[in-house]
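Engineer: Hey, dropping upload-v2.tsv in here, TSV, C-alpha atoms and all ligand atoms:
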```tsv
chain	number	residue	atom	x	y	z
A	189	MET	CA	-0.24	-14.79	17.49
A	190	ARG	CA	-0.54	-11.20	16.44
A	191	ASP	CA	2.74	-9.63	15.45
A	192	PRO	CA	4.04	-7.07	17.98
A	193	ASP	CA	4.34	-4.60	15.07
A	194	ALA	CA	0.69	-5.00	14.13
A	195	ARG	CA	-1.11	-1.75	14.76
A	196	PRO	CA	-4.69	-0.88	13.82
A	197	ASP	CA	-3.60	2.54	12.55
A	198	ARG	CA	-1.29	1.00	9.97
A	199	ARG	CA	-3.52	-0.84	7.56
A	200	VAL	CA	-3.31	-1.98	3.97
A	201	TRP	CA	-6.26	-2.88	1.80
A	202	THR	CA	-5.31	-5.97	-0.08
A	203	GLY	CA	-6.56	-9.52	-0.14
A	204	CYS	CA	-5.19	-12.21	2.15
A	205	VAL	CA	-3.35	-15.03	0.40
A	206	VAL	CA	-5.00	-17.53	2.74
A	207	CYS	CA	-8.50	-16.28	3.55
A	208	PRO	CA	-11.05	-15.80	0.80
A	209	ASP	CA	-12.49	-12.83	2.71
A	210	GLY	CA	-13.30	-9.76	0.67
A	211	SER	CA	-13.69	-11.69	-2.57
A	212	ASP	CA	-17.43	-11.18	-2.47
A	213	CYS	CA	-17.52	-7.78	-0.82
A	214	PRO	CA	-18.94	-4.82	-2.79
A	215	GLU	CA	-16.86	-2.36	-0.78
A	216	CYS	CA	-13.60	-4.15	-1.59
A	217	ASP	CA	-14.76	-4.53	-5.16
A	218	GLY	CA	-15.07	-0.77	-5.41
A	219	ARG	CA	-11.45	-0.49	-4.19
A	220	ARG	CA	-12.63	1.44	-1.18
A	221	THR	CA	-11.14	1.29	2.25
A	222	CYS	CA	-13.40	-1.46	3.54
A	223	GLU	CA	-13.83	-1.48	7.30
A	224	ARG	CA	-13.84	-5.28	7.51
A	225	HIS	CA	-11.24	-6.45	5.05
A	226	TRP	CA	-7.76	-5.10	5.63
A	227	ARG	CA	-4.32	-6.32	6.77
A	228	PHE	CA	-1.81	-5.04	9.23
A	229	LEU	CA	1.18	-3.29	7.70
A	230	LEU	CA	4.20	-4.63	9.56
A	231	ASP	CA	7.07	-3.48	7.40
A	232	ALA	CA	7.93	-2.05	4.00
A	233	GLN	CA	11.00	-2.56	1.82
A	234	GLY	CA	10.89	-0.56	-1.38
A	235	ARG	CA	7.82	-1.66	-3.25
A	236	ARG	CA	7.23	-4.69	-1.06
A	237	VAL	CA	5.22	-4.64	2.14
A	238	PHE	CA	5.10	-7.16	4.96
A	239	LEU	CA	1.53	-7.83	5.95
A	240	GLN	CA	-0.38	-9.78	8.54
A	241	CYS	CA	-3.96	-10.86	8.16
A	242	PRO	CA	-5.98	-10.07	11.32
A	243	ARG	CA	-8.19	-13.09	10.67
A	244	CYS	CA	-5.86	-16.01	10.09
A	245	LEU	CA	-2.73	-14.22	11.37
A	246	HIS	CA	-0.79	-15.34	8.32
A	247	ARG	CA	2.14	-13.10	7.50
A	248	TRP	CA	3.57	-12.58	4.04
A	249	TRP	CA	5.45	-10.20	1.76
A	250	HIS	CA	3.26	-8.50	-0.81
A	251	ASP	CA	4.55	-6.84	-3.95
A	252	THR	CA	2.65	-3.58	-4.37
A	253	ARG	CA	4.02	-3.03	-7.89
A	254	PHE	CA	4.58	0.58	-6.85
A	255	GLY	CA	7.88	2.36	-7.18
A	256	VAL	CA	10.88	0.62	-8.71
A	257	GLY	CA	10.13	-0.80	-12.12
A	258	GLY	CA	6.61	0.43	-12.44
A	259	ARG	CA	4.17	3.14	-11.60
A	260	GLU	CA	0.46	3.55	-11.32
A	261	HIS	CA	-1.00	5.27	-14.36
A	262	ASP	CA	-2.89	7.76	-12.23
A	263	VAL	CA	0.20	9.03	-10.44
A	264	GLU	CA	1.26	12.30	-11.95
A	265	ASP	CA	4.78	13.57	-12.31
A	266	LEU	CA	5.87	16.11	-9.78
A	267	PRO	CA	5.98	19.65	-11.20
A	268	ALA	CA	9.40	20.84	-12.32
A	269	PRO	CA	11.35	22.86	-9.75
A	270	SER	CA	10.43	26.50	-9.87
A	271	GLU	CA	12.75	28.62	-11.99
A	272	ALA	CA	11.96	31.63	-9.87
A	273	ALA	CA	14.33	30.16	-7.29
A	274	GLY	CA	17.17	30.03	-9.81
A	275	ASP	CA	20.62	31.47	-9.27
A	276	GLY	CA	20.48	33.96	-12.14
A	277	ARG	CA	22.38	31.91	-14.71
A	278	ALA	CA	21.10	32.58	-18.21
A	279	ALA	CA	21.26	30.09	-21.02
B	301	ZN	ZN	-6.08	-14.36	6.25
B	302	ZN	ZN	-14.60	-5.74	2.18
```
Represent the structure of the file as structure tokens.
Structural biologist:
Amino acid sequence: MRDPDARPDRRVWTGCVVCPDGSDCPECDGRRTCERHWRFLLDAQGRRVFLQCPRCLHRWWHDTRFGVGGREHDVEDLPAPSEAAGDGRAA
């Protein structure tokens, strides 16, 4: 049964732990947002997301390895706060 929280506008592109779908797909291979191989995003807790596969309806927690304890190498640091908005204190 599809989870009541499963919505087509909340999708995550990661492989299902049960189905082998996507393993041979050039679109998934290119890490693109494949139209056929995606999972419902049901919930998120920190760096873990709760997913449901639309094919086999299996639900599981997936560790995205984002956030706490690690970061993607292509994520850049946010720019430092602007000093123009300072309160006039001089060093
Ligand atoms: Zn599946
Ligand atoms: Zn695919």
Engineer: Please provide the set of residues having any atom within 10 Å of range 222-224 of chain A, restricted to only C-alpha atoms, with same-chain residues fewer than 3 positions apart removed, written as a VMD selection string.
Structural biologist: chain A and resid 201 to 202 209 to 210 213 to 219 227 242
Engineer: To one decimal in Å, tell me the separation between atom ZN of ligand ZN 302 (chain B) and CA of Thr221 in chain A.
Structural biologist: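 Calculated distance between atom ZN of ligand ZN 302 (chain B) and CA of Thr221 in chain A is 7.8 Å.
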Engineer: Please check which protein, DNA or RNA residues sit within 6 Å of ligand ZN 301 (chain B), counting only C-alpha atoms and all ligand atoms, and write them as a list in words.
Structural biologist: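 Residues lying within 6 Å of ligand ZN 301 (chain B): Cys204, Val206, Cys207, Cys241, Arg243, Cys244 and His246 of chain A.
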Engineer: What is the CA of Phe228 in chain A-CA of Val200 in chain A distance in Å, reported with one decimal?
Structural biologist: 6.3 Å
Engineer: Find, counting all atoms listed in the file, the residue in A:Arg220, A:Arg190, A:Arg199, A:His225 that gets nearest to ligand ZN 302 (chain B).
Structural biologist: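 Closest candidate: A:His225.
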Engineer: Compare A:Ala232, A:Asp197, A:Thr252, A:Asp212 by their minimum atom-to-atom distance to ligand ZN 302 (chain B), counting only C-alpha atoms and all ligand atoms, and give me the closest one.
Structural biologist: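 Using only C-alpha atoms and all ligand atoms, ligand ZN 302 (chain B) sits closest to A:Asp212.
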Engineer: Would you compute the distance between CA of Gly234 in chain A and CA of Trp248 in chain A? Give it in Å to one decimal.
Structural biologist: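 About the pair CA of Gly234 in chain A and CA of Trp248 in chain A: they are 15.1 Å apart.
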Engineer: May I ask which of the residues A:Met189, A:Pro196, A:Gln240, A:Pro208 is the closest one to ligand ZN 302 (chain B), counting only C-alpha atoms and all ligand atoms?
Structural biologist: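 Distance minimum relative to ligand ZN 302 (chain B) lands on A:Pro208.
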Engineer: Within 9 Å of Leu230 in chain A, counting only C-alpha atoms, which residues qualify if same-chain residues fewer than 6 places away don't, as a ChimeraX atom specification?
Structural biologist: /A:191-195,198-199,237-240,247
Engineer: Ranking A:Val205, A:Ser211, A:Asp251, A:Leu245 by minimum distance to ligand ZN 302 (chain B) and counting all atoms listed in the file, which one comes first?
Structural biologist: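 Among A:Val205, A:Ser211, A:Asp251, A:Leu245, it is A:Ser211 that comes nearest to ligand ZN 302 (chain B).
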Engineer: Supply range 229-240 of chain A as a compact mmCIF listing (two decimals), keeping the file's coordinate frame, with N, CA and C atoms built in where the input has gaps.
Structural biologist:
```txt
# COMPACT_ATOMS: atom_id res chain seq x y z
N LEU A 229 -0.08 -3.59 8.37
CA LEU A 229 1.18 -3.29 7.70
C LEU A 229 2.30 -3.39 8.74
N LEU A 230 3.15 -4.40 8.57
CA LEU A 230 4.20 -4.63 9.56
C LEU A 230 5.51 -3.98 9.16
N ASP A 231 5.79 -4.00 7.85
CA ASP A 231 7.07 -3.48 7.40
C ASP A 231 6.97 -3.17 5.91
N ALA A 232 7.89 -2.37 5.42
CA ALA A 232 7.93 -2.05 4.00
C ALA A 232 9.37 -1.96 3.55
N GLN A 233 9.66 -2.58 2.41
CA GLN A 233 11.00 -2.56 1.82
C GLN A 233 10.83 -2.23 0.35
N GLY A 234 11.10 -0.95 -0.01
CA GLY A 234 10.89 -0.56 -1.38
C GLY A 234 9.43 -0.72 -1.75
N ARG A 235 9.20 -1.50 -2.81
CA ARG A 235 7.82 -1.66 -3.25
C ARG A 235 7.14 -2.86 -2.61
N ARG A 236 7.83 -3.54 -1.71
CA ARG A 236 7.23 -4.69 -1.06
C ARG A 236 6.83 -4.35 0.37
N VAL A 237 5.70 -4.88 0.79
CA VAL A 237 5.22 -4.64 2.14
C VAL A 237 5.01 -5.97 2.84
N PHE A 238 5.27 -5.98 4.14
CA PHE A 238 5.10 -7.16 4.96
C PHE A 238 3.78 -7.02 5.69
N LEU A 239 2.89 -7.95 5.45
CA LEU A 239 1.53 -7.83 5.95
C LEU A 239 1.18 -8.97 6.89
N GLN A 240 0.20 -8.71 7.75
CA GLN A 240 -0.38 -9.78 8.54
C GLN A 240 -1.89 -9.68 8.46
```
